[in-house]
Amino acid sequence: MKTILTPIALALSLAFTAGAAQAQLVDIIDGTSNTLVIGGGVRNNLKPTSLGDGSVRNVAPAAAAFSLTTNGTVSGSITQNNASNTANTRQTALIGSALGSTSGGSVTTQGTLAGTLTQAGAGSGASATQVTSIAGIQNGLTSTGSADLHGSVVADLTQSSRGPAAAGASGFQSIDVGGVNSASGNSLVTNGSVTGAGVIQGSGGFGKQELRVGSLVGATVDAAVTNGLISAQVNQSESASSGFSQQIVNVGSIRASQARSVTTTGQLAGDLTQTQLAGTTQQVNIGSVNSLDASGTVTTNGLVTGKVNQNATGATVQQLSVAEVLNGAQPDSHASASVSGAVNQTSGAAGGQQTISAGSIDRAGATTSTDATVGASITQVLTAAAGSTSTQDVSIGSTRNTTGAVTTHAAVNGTIAQASGSAATQQTILLGSVRDTASSVKTNAVVNGSLSQSTSASGQTQSILIGSAVGVGS
């Protein structure tokens with residue numbers, strides 16, 4: 001005879017199951033897959049909510065009668081070592097994190113890594129994956145309450161894949177500290193900090209390397225506040241001679257989300273290096289917003305005091321954004337940035353695109369204001385001698401393609417240099433300037449440093465705008 005649970009009995013059963021999952025310390029080893037869950041990692045069979053497609057919509061969270069609280073602390077060492085060359089290897093370490101969960105009340109995650117964590121794999125098989133999450137929310141959280149995340153790393157954290165990956169294979173290395181990947185709810189606050197000696201992601205193959213600290217991706221909430229700090233040294237490296245590779249660092253940033261109001265704060269106080277032999281993308285976002293739809297105010301804050309180096313033989317896109325607002329619909333946007341650490345982008349890719357933005361707003365916002373200061377050297381170098389159109393772009397406290405009133409302020413006390421050997425290179429420097437807006441404009445820019453643009457091939461376009469306006473009223 002089939003047993004049919006009443007709604008009340010079913011709810012009690014679900015609540016008991018969730019409580020049991022929180023209380024367990026799970027260490028699962030399934031062949032080539034190593035999974036470690038510490039301090040309340042919660043997993044269930046909920047289908048992750050698909051969010052962040054650029055549209056504004058209401059998401060009705062599933063009703064549930066329990067809150068979710070996780071707490072995990074590691075002061076010893078964690079090592080996951082996989083010497084197998086077989087396909088589909090996976091290593092996962094969760095500390096005070098939540099996966100695919102639902103809550104009718106508040107959500108709080110707390111995770112601290114005070115000891116070393118090392119994930120090492122052969123990586124020569126297809127789909128080699130290494131994932132570490134500390135007080136993170138992964139693969140969809142549905143909540144009717146607020147969410148508060150606190151993740152901290154005060155020790156060394158290393159992911160290494162020896163590779164090289166086999167033909168047609170791909171790898172994935174991910175570290176999330178106090179961050180969110182897909183969530184819906186009332187309000188959301190992230191707090192992530194990495195203050196240990198260093199974070200290393202190294203691969204002999206190709207694929208994706210991502211470090212997310214106090215950041216969120218794919219959220220639909222009423223209000224979002226992000227706080228991210230890196231004072232450790234960060235090194236991402238890939239040595240495959242061909243293939244598709246991405247290196248991404250997000251600190252206190254937001255991407256592909258919807259909210260009524262947003263405030264971001266991102267700080268990079270340690271040196272950060274991204275190195276590729278071949279690939280497509282090197283990207284660093286500090287306190288920035290990309291593809292956000294908001295009905296209220298968006299405020300971004302970014303501070304860079306460490307050095308940023310992006311080096312690639314073949315990466316076609318190199319990007320650094322500090323407190324940038326890019327793409328989306330917001331009635332009121334304010335961007336504030338300070339860069340006192342040296343920034344260097346060097347690429348040998350034909351058709352390379354190098355972009356540096358600090359406290360700028362592009363294709364976002366109606367009423368906008370910017371405030372940006374640069375006190376260090378900024379250098380962009382393209383060494384390829386041939387190829388399709390290349391781009392070198394530096395935007396400090398400037399706006400492009402907005403619809404409302406604009407106020408800008410930029411101060412440059414360092415040097416900005418662009419050099420290219422590629423044909424048909426477009427070199428642009430915007431300082432406290434405005435391009436293409438339909439409303440009133442007030443600009444203010446002061447340059448005490450030096451600006452230079454140089455090319456060694458034909459078909460070049462060079463432009464420098466300082467406290468200027470182009471296309472106002474268009």
# chains A, B, ... in the order shown; residues from 1 in each chain; ligands from 1
>>> closest_atom_pairs(of="segment 255-330 of chain A", to="segment 222-244 of chain A", cutoff="6 Å", atoms="only C-alpha atoms", output="JSON lines")
{"residue": "A:Ala259", "atom": "CA", "partner": "A:Asp222", "partner_atom": "CA", "distance": 5.0}
{"residue": "A:Arg260", "atom": "CA", "partner": "A:Asp222", "partner_atom": "CA", "distance": 5.0}
{"residue": "A:Ser261", "atom": "CA", "partner": "A:Ala223", "partner_atom": "CA", "distance": 5.0}
{"residue": "A:Val262", "atom": "CA", "partner": "A:Ala224", "partner_atom": "CA", "distance": 4.9}
{"residue": "A:Thr263", "atom": "CA", "partner": "A:Val225", "partner_atom": "CA", "distance": 4.9}
{"residue": "A:Thr264", "atom": "CA", "partner": "A:Thr226", "partner_atom": "CA", "distance": 4.8}
{"residue": "A:Thr265", "atom": "CA", "partner": "A:Asn227", "partner_atom": "CA", "distance": 4.9}
{"residue": "A:Gly266", "atom": "CA", "partner": "A:Gly228", "partner_atom": "CA", "distance": 4.8}
{"residue": "A:Gln267", "atom": "CA", "partner": "A:Leu229", "partner_atom": "CA", "distance": 4.8}
{"residue": "A:Leu268", "atom": "CA", "partner": "A:Ile230", "partner_atom": "CA", "distance": 5.0}
{"residue": "A:Ala269", "atom": "CA", "partner": "A:Ser231", "partner_atom": "CA", "distance": 4.4}
{"residue": "A:Gly270", "atom": "CA", "partner": "A:Ser231", "partner_atom": "CA", "distance": 4.2}
{"residue": "A:Asp271", "atom": "CA", "partner": "A:Gln233", "partner_atom": "CA", "distance": 5.0}
{"residue": "A:Leu272", "atom": "CA", "partner": "A:Val234", "partner_atom": "CA", "distance": 4.7}
{"residue": "A:Thr273", "atom": "CA", "partner": "A:Asn235", "partner_atom": "CA", "distance": 4.9}
{"residue": "A:Gln274", "atom": "CA", "partner": "A:Gln236", "partner_atom": "CA", "distance": 4.8}
{"residue": "A:Thr275", "atom": "CA", "partner": "A:Ser237", "partner_atom": "CA", "distance": 4.7}
{"residue": "A:Gln276", "atom": "CA", "partner": "A:Glu238", "partner_atom": "CA", "distance": 5.0}
{"residue": "A:Leu277", "atom": "CA", "partner": "A:Ser239", "partner_atom": "CA", "distance": 5.4}
{"residue": "A:Ala278", "atom": "CA", "partner": "A:Ser242", "partner_atom": "CA", "distance": 5.2}
{"residue": "A:Gly279", "atom": "CA", "partner": "A:Phe244", "partner_atom": "CA", "distance": 5.0}
>>> residues_around(residues="Val343 of chain A", least_positions_apart="3", cutoff="8 Å", atoms="only C-alpha atoms", output="VMD selection string")
chain A and resid 307 to 309 376 to 379
>>> write_last_selection(atoms="C-alpha atoms", output="tab-separated table (two decimals), in the first residue's frame")
chain	number	residue	atom	x	y	z
A	307	LYS	CA	49.87	46.21	-8.54
A	308	VAL	CA	47.88	44.62	-11.37
A	309	ASN	CA	49.71	42.76	-14.14
A	376	ALA	CA	50.26	55.49	-10.39
A	377	SER	CA	51.41	54.41	-13.84
A	378	ILE	CA	48.99	52.81	-16.30
A	379	THR	CA	50.57	50.98	-19.27
>>> closest_residue(among="A:Gln418, A:Asn285, A:Ser161, A:Ser456", to="Ser84 of chain A", atoms="only C-alpha atoms")
A:Ser161
>>> residues_around(residues="Leu216 of chain A", least_positions_apart="4", cutoff="8 Å", atoms="only C-alpha atoms", output="ChimeraX atom specification")
/A:179-182,190,226,252-255
>>> write_last_selection(atoms="N, CA and C atoms", output="PDB file, in the first residue's frame")
ATOM      1  N   GLY A 179      30.744  34.911  -1.324  1.00  0.00           N
ATOM      2  CA  GLY A 179      30.092  35.357  -2.547  1.00  0.00           C
ATOM      3  C   GLY A 179      28.849  34.547  -2.877  1.00  0.00           C
ATOM      4  N   VAL A 180      28.111  35.027  -3.891  1.00  0.00           N
ATOM      5  CA  VAL A 180      26.841  34.416  -4.274  1.00  0.00           C
ATOM      6  C   VAL A 180      26.838  34.115  -5.764  1.00  0.00           C
ATOM      7  N   ASN A 181      26.388  32.926  -6.101  1.00  0.00           N
ATOM      8  CA  ASN A 181      26.155  32.542  -7.491  1.00  0.00           C
ATOM      9  C   ASN A 181      24.711  32.087  -7.613  1.00  0.00           C
ATOM     10  N   SER A 182      23.818  32.994  -8.039  1.00  0.00           N
ATOM     11  CA  SER A 182      22.402  32.744  -8.252  1.00  0.00           C
ATOM     12  C   SER A 182      21.624  32.746  -6.933  1.00  0.00           C
ATOM     13  N   THR A 190      27.077  40.801   1.219  1.00  0.00           N
ATOM     14  CA  THR A 190      28.238  39.913   1.125  1.00  0.00           C
ATOM     15  C   THR A 190      29.437  40.556   1.808  1.00  0.00           C
ATOM     16  N   THR A 226      27.648  44.788  -1.343  1.00  0.00           N
ATOM     17  CA  THR A 226      28.795  43.893  -1.453  1.00  0.00           C
ATOM     18  C   THR A 226      30.031  44.535  -0.834  1.00  0.00           C
ATOM     19  N   GLY A 252      34.082  42.349  -4.498  1.00  0.00           N
ATOM     20  CA  GLY A 252      32.990  43.254  -4.155  1.00  0.00           C
ATOM     21  C   GLY A 252      32.216  43.732  -5.360  1.00  0.00           C
ATOM     22  N   SER A 253      32.056  42.898  -6.372  1.00  0.00           N
ATOM     23  CA  SER A 253      31.423  43.284  -7.630  1.00  0.00           C
ATOM     24  C   SER A 253      30.114  42.544  -7.855  1.00  0.00           C
ATOM     25  N   ILE A 254      29.321  43.050  -8.819  1.00  0.00           N
ATOM     26  CA  ILE A 254      28.008  42.474  -9.130  1.00  0.00           C
ATOM     27  C   ILE A 254      27.889  42.339 -10.645  1.00  0.00           C
ATOM     28  N   ARG A 255      27.335  41.201 -11.078  1.00  0.00           N
ATOM     29  CA  ARG A 255      27.117  40.997 -12.510  1.00  0.00           C
ATOM     30  C   ARG A 255      25.782  40.285 -12.735  1.00  0.00           C
TER      31      ARG A 255
END
>>> closest_residue(among="A:Leu157, A:Ile248, A:Ala366, A:Ala350", to="Ser295 of chain A", atoms="only C-alpha atoms")
A:Ala366
>>> residues_around(residues="segment 395-406 of chain A", least_positions_apart="5", cutoff="9 Å", atoms="only C-alpha atoms", output="MDAnalysis selection string")
chainID A and resid 331:332 335:337 355:374 411:412 428:443 445 467
>>> closest_residue(among="A:Asn444, A:Ser468, A:Thr69, A:Ser257", to="Gln110 of chain A", atoms="only C-alpha atoms")
A:Thr69
>>> atom_distance(atom1="atom CA of Thr108 of chain A", atom2="atom CA of Leu211 of chain A")
21.3 Å
>>> closest_residue(among="A:Thr132, A:Gln319, A:Gln173, A:Thr391", to="Val284 of chain A", atoms="only C-alpha atoms")
A:Gln319
>>> residues_around(residues="Gly351 of chain A", least_positions_apart="3", cutoff="12 Å", atoms="only C-alpha atoms", output="list of chain:residue names")
A:Thr280, A:Gly314, A:Ala315, A:Thr316, A:Val317, A:Gln318, A:Ser347, A:Gly348, A:Gln354, A:Leu382, A:Thr383, A:Ala384, A:Ala385, A:Ala386, A:Gly387, A:Ser388, A:Thr389, A:Ser390, A:Thr391, A:Gln392, A:Ser420, A:Gly421, A:Ser422, A:Ala423, A:Ala424, A:Thr425, A:Gln426
>>> closest_residue(among="A:Ser146, A:Ser152, A:Gln138, A:Ile78", to="Thr118 of chain A", atoms="only C-alpha atoms")
A:Ile78
>>> atom_distance(atom1="atom CA of Ile466 of chain A", atom2="atom CA of Asn413 of chain A")
13.4 Å
>>> atom_distance(atom1="atom CA of Ser101 of chain A", atom2="atom CA of Ser133 of chain A")
14.9 Å
>>> residues_around(residues="Thr158 of chain A", least_positions_apart="5", cutoff="8 Å", atoms="only C-alpha atoms", output="ChimeraX atom specification")
/A:117-119,199-201
>>> closest_residue(among="A:Gly145, A:Gly136, A:Gly473, A:Gly414", to="Ser106 of chain A", atoms="only C-alpha atoms")
A:Gly145
>>> select_by_dssp(residues="segment 218-363 of chain A", states="strand (DSSP E)", output="VMD selection string")
chain A and resid 218 to 230 233 to 238 246 to 251 254 to 259 261 to 268 272 to 276 281 to 286 289 to 294 297 to 304 308 to 312 317 to 322 325 to 329 332 to 339 343 to 347 353 to 358 361 to 362
>>> decode(residues="segment 157-282 of chain A", atoms="C-alpha atoms", output="compact mmCIF listing (two decimals), in the first residue's frame")
# COMPACT_ATOMS: atom_id res chain seq x y z
CA LEU A 157 44.99 28.67 -0.79
CA THR A 158 46.24 26.76 -3.84
CA GLN A 159 44.59 25.05 -6.81
CA SER A 160 46.88 23.33 -9.32
CA SER A 161 46.23 21.17 -12.37
CA ARG A 162 49.36 19.69 -13.93
CA GLY A 163 47.94 19.15 -17.47
CA PRO A 164 48.24 19.81 -20.25
CA ALA A 165 44.60 19.04 -20.94
CA ALA A 166 43.79 16.57 -23.68
CA ALA A 167 42.46 17.77 -27.02
CA GLY A 168 38.87 18.95 -26.59
CA ALA A 169 39.12 18.95 -22.79
CA SER A 170 38.44 21.86 -20.49
CA GLY A 171 39.26 22.71 -16.90
CA PHE A 172 37.58 24.81 -14.21
CA GLN A 173 39.17 26.27 -11.08
CA SER A 174 36.88 28.28 -8.81
CA ILE A 175 37.38 29.97 -5.43
CA ASP A 176 34.49 31.81 -3.77
CA VAL A 177 34.88 33.69 -0.48
CA GLY A 178 31.65 35.17 0.92
CA GLY A 179 30.09 35.36 -2.55
CA VAL A 180 26.84 34.42 -4.27
CA ASN A 181 26.16 32.54 -7.49
CA SER A 182 22.40 32.74 -8.25
CA ALA A 183 19.99 33.87 -5.53
CA SER A 184 16.63 35.55 -4.96
CA GLY A 185 15.24 37.15 -1.84
CA ASN A 186 14.75 40.35 0.12
CA SER A 187 18.14 41.86 0.92
CA LEU A 188 21.61 40.45 0.43
CA VAL A 189 24.90 41.48 2.06
CA THR A 190 28.24 39.91 1.13
CA ASN A 191 31.46 40.15 3.12
CA GLY A 192 34.56 38.45 1.75
CA SER A 193 38.22 38.96 2.64
CA VAL A 194 41.47 37.28 1.56
CA THR A 195 44.32 38.44 3.78
CA GLY A 196 46.63 35.42 3.85
CA ALA A 197 50.03 35.08 2.21
CA GLY A 198 48.68 34.18 -1.21
CA VAL A 199 46.13 32.59 -3.54
CA ILE A 200 47.40 30.53 -6.47
CA GLN A 201 45.43 29.06 -9.37
CA GLY A 202 47.75 27.27 -11.79
CA SER A 203 46.95 25.06 -14.76
CA GLY A 204 48.99 23.37 -17.46
CA GLY A 205 45.78 22.98 -19.47
CA PHE A 206 43.13 25.44 -20.53
CA GLY A 207 39.68 26.38 -19.30
CA LYS A 208 38.48 28.89 -16.69
CA GLN A 209 40.05 30.23 -13.51
CA GLU A 210 37.83 32.35 -11.28
CA LEU A 211 38.33 34.04 -7.90
CA ARG A 212 35.26 35.70 -6.40
CA VAL A 213 35.52 37.63 -3.09
CA GLY A 214 32.41 39.25 -1.59
CA SER A 215 30.79 39.36 -5.04
CA LEU A 216 27.54 38.17 -6.56
CA VAL A 217 26.36 36.86 -9.91
CA GLY A 218 22.76 36.30 -10.99
CA ALA A 219 20.76 37.74 -8.10
CA THR A 220 17.22 39.08 -7.92
CA VAL A 221 16.82 40.95 -4.62
CA ASP A 222 15.34 44.13 -3.20
CA ALA A 223 18.70 45.52 -2.02
CA ALA A 224 22.28 44.33 -2.42
CA VAL A 225 25.42 45.42 -0.57
CA THR A 226 28.79 43.89 -1.45
CA ASN A 227 32.08 44.13 0.45
CA GLY A 228 35.26 42.51 -0.87
CA LEU A 229 38.92 42.81 0.15
CA ILE A 230 42.10 41.18 -1.15
CA SER A 231 45.37 42.08 0.56
CA ALA A 232 47.12 38.81 -0.30
CA GLN A 233 49.14 38.15 -3.44
CA VAL A 234 47.05 36.53 -6.18
CA ASN A 235 48.47 34.57 -9.11
CA GLN A 236 46.48 32.98 -11.93
CA SER A 237 48.51 31.17 -14.60
CA GLU A 238 47.77 28.91 -17.57
CA SER A 239 50.47 27.43 -19.76
CA ALA A 240 48.52 25.69 -22.54
CA SER A 241 49.82 26.68 -25.98
CA SER A 242 46.33 26.73 -27.51
CA GLY A 243 42.68 26.63 -26.50
CA PHE A 244 39.97 28.64 -24.77
CA SER A 245 41.05 30.16 -21.45
CA GLN A 246 39.52 32.68 -19.08
CA GLN A 247 41.03 34.26 -15.96
CA ILE A 248 38.59 36.28 -13.85
CA VAL A 249 38.85 38.04 -10.49
CA ASN A 250 35.82 39.74 -8.88
CA VAL A 251 36.15 41.70 -5.63
CA GLY A 252 32.99 43.25 -4.16
CA SER A 253 31.42 43.28 -7.63
CA ILE A 254 28.01 42.47 -9.13
CA ARG A 255 27.12 41.00 -12.51
CA ALA A 256 23.88 40.02 -14.28
CA SER A 257 21.47 40.91 -11.47
CA GLN A 258 18.31 42.85 -10.61
CA ALA A 259 17.78 44.95 -7.48
CA ARG A 260 16.05 48.09 -6.24
CA SER A 261 19.26 49.58 -4.85
CA VAL A 262 22.91 48.54 -4.93
CA THR A 263 26.09 49.56 -3.09
CA THR A 264 29.44 47.96 -3.88
CA THR A 265 32.81 48.27 -2.14
CA GLY A 266 35.87 46.49 -3.52
CA GLN A 267 39.49 46.82 -2.45
CA LEU A 268 42.66 45.31 -3.92
CA ALA A 269 45.63 45.90 -1.62
CA GLY A 270 47.78 42.95 -2.72
CA ASP A 271 49.58 42.39 -6.02
CA LEU A 272 47.59 40.50 -8.67
CA THR A 273 49.08 38.72 -11.70
CA GLN A 274 47.33 36.93 -14.56
CA THR A 275 49.48 35.02 -17.08
CA GLN A 276 48.43 33.11 -20.22
CA LEU A 277 50.27 31.61 -23.14
CA ALA A 278 47.09 31.36 -25.20
CA GLY A 279 43.50 32.18 -24.38
CA THR A 280 40.70 34.67 -24.72
CA THR A 281 40.14 36.66 -21.53
CA GLN A 282 41.90 38.23 -18.56
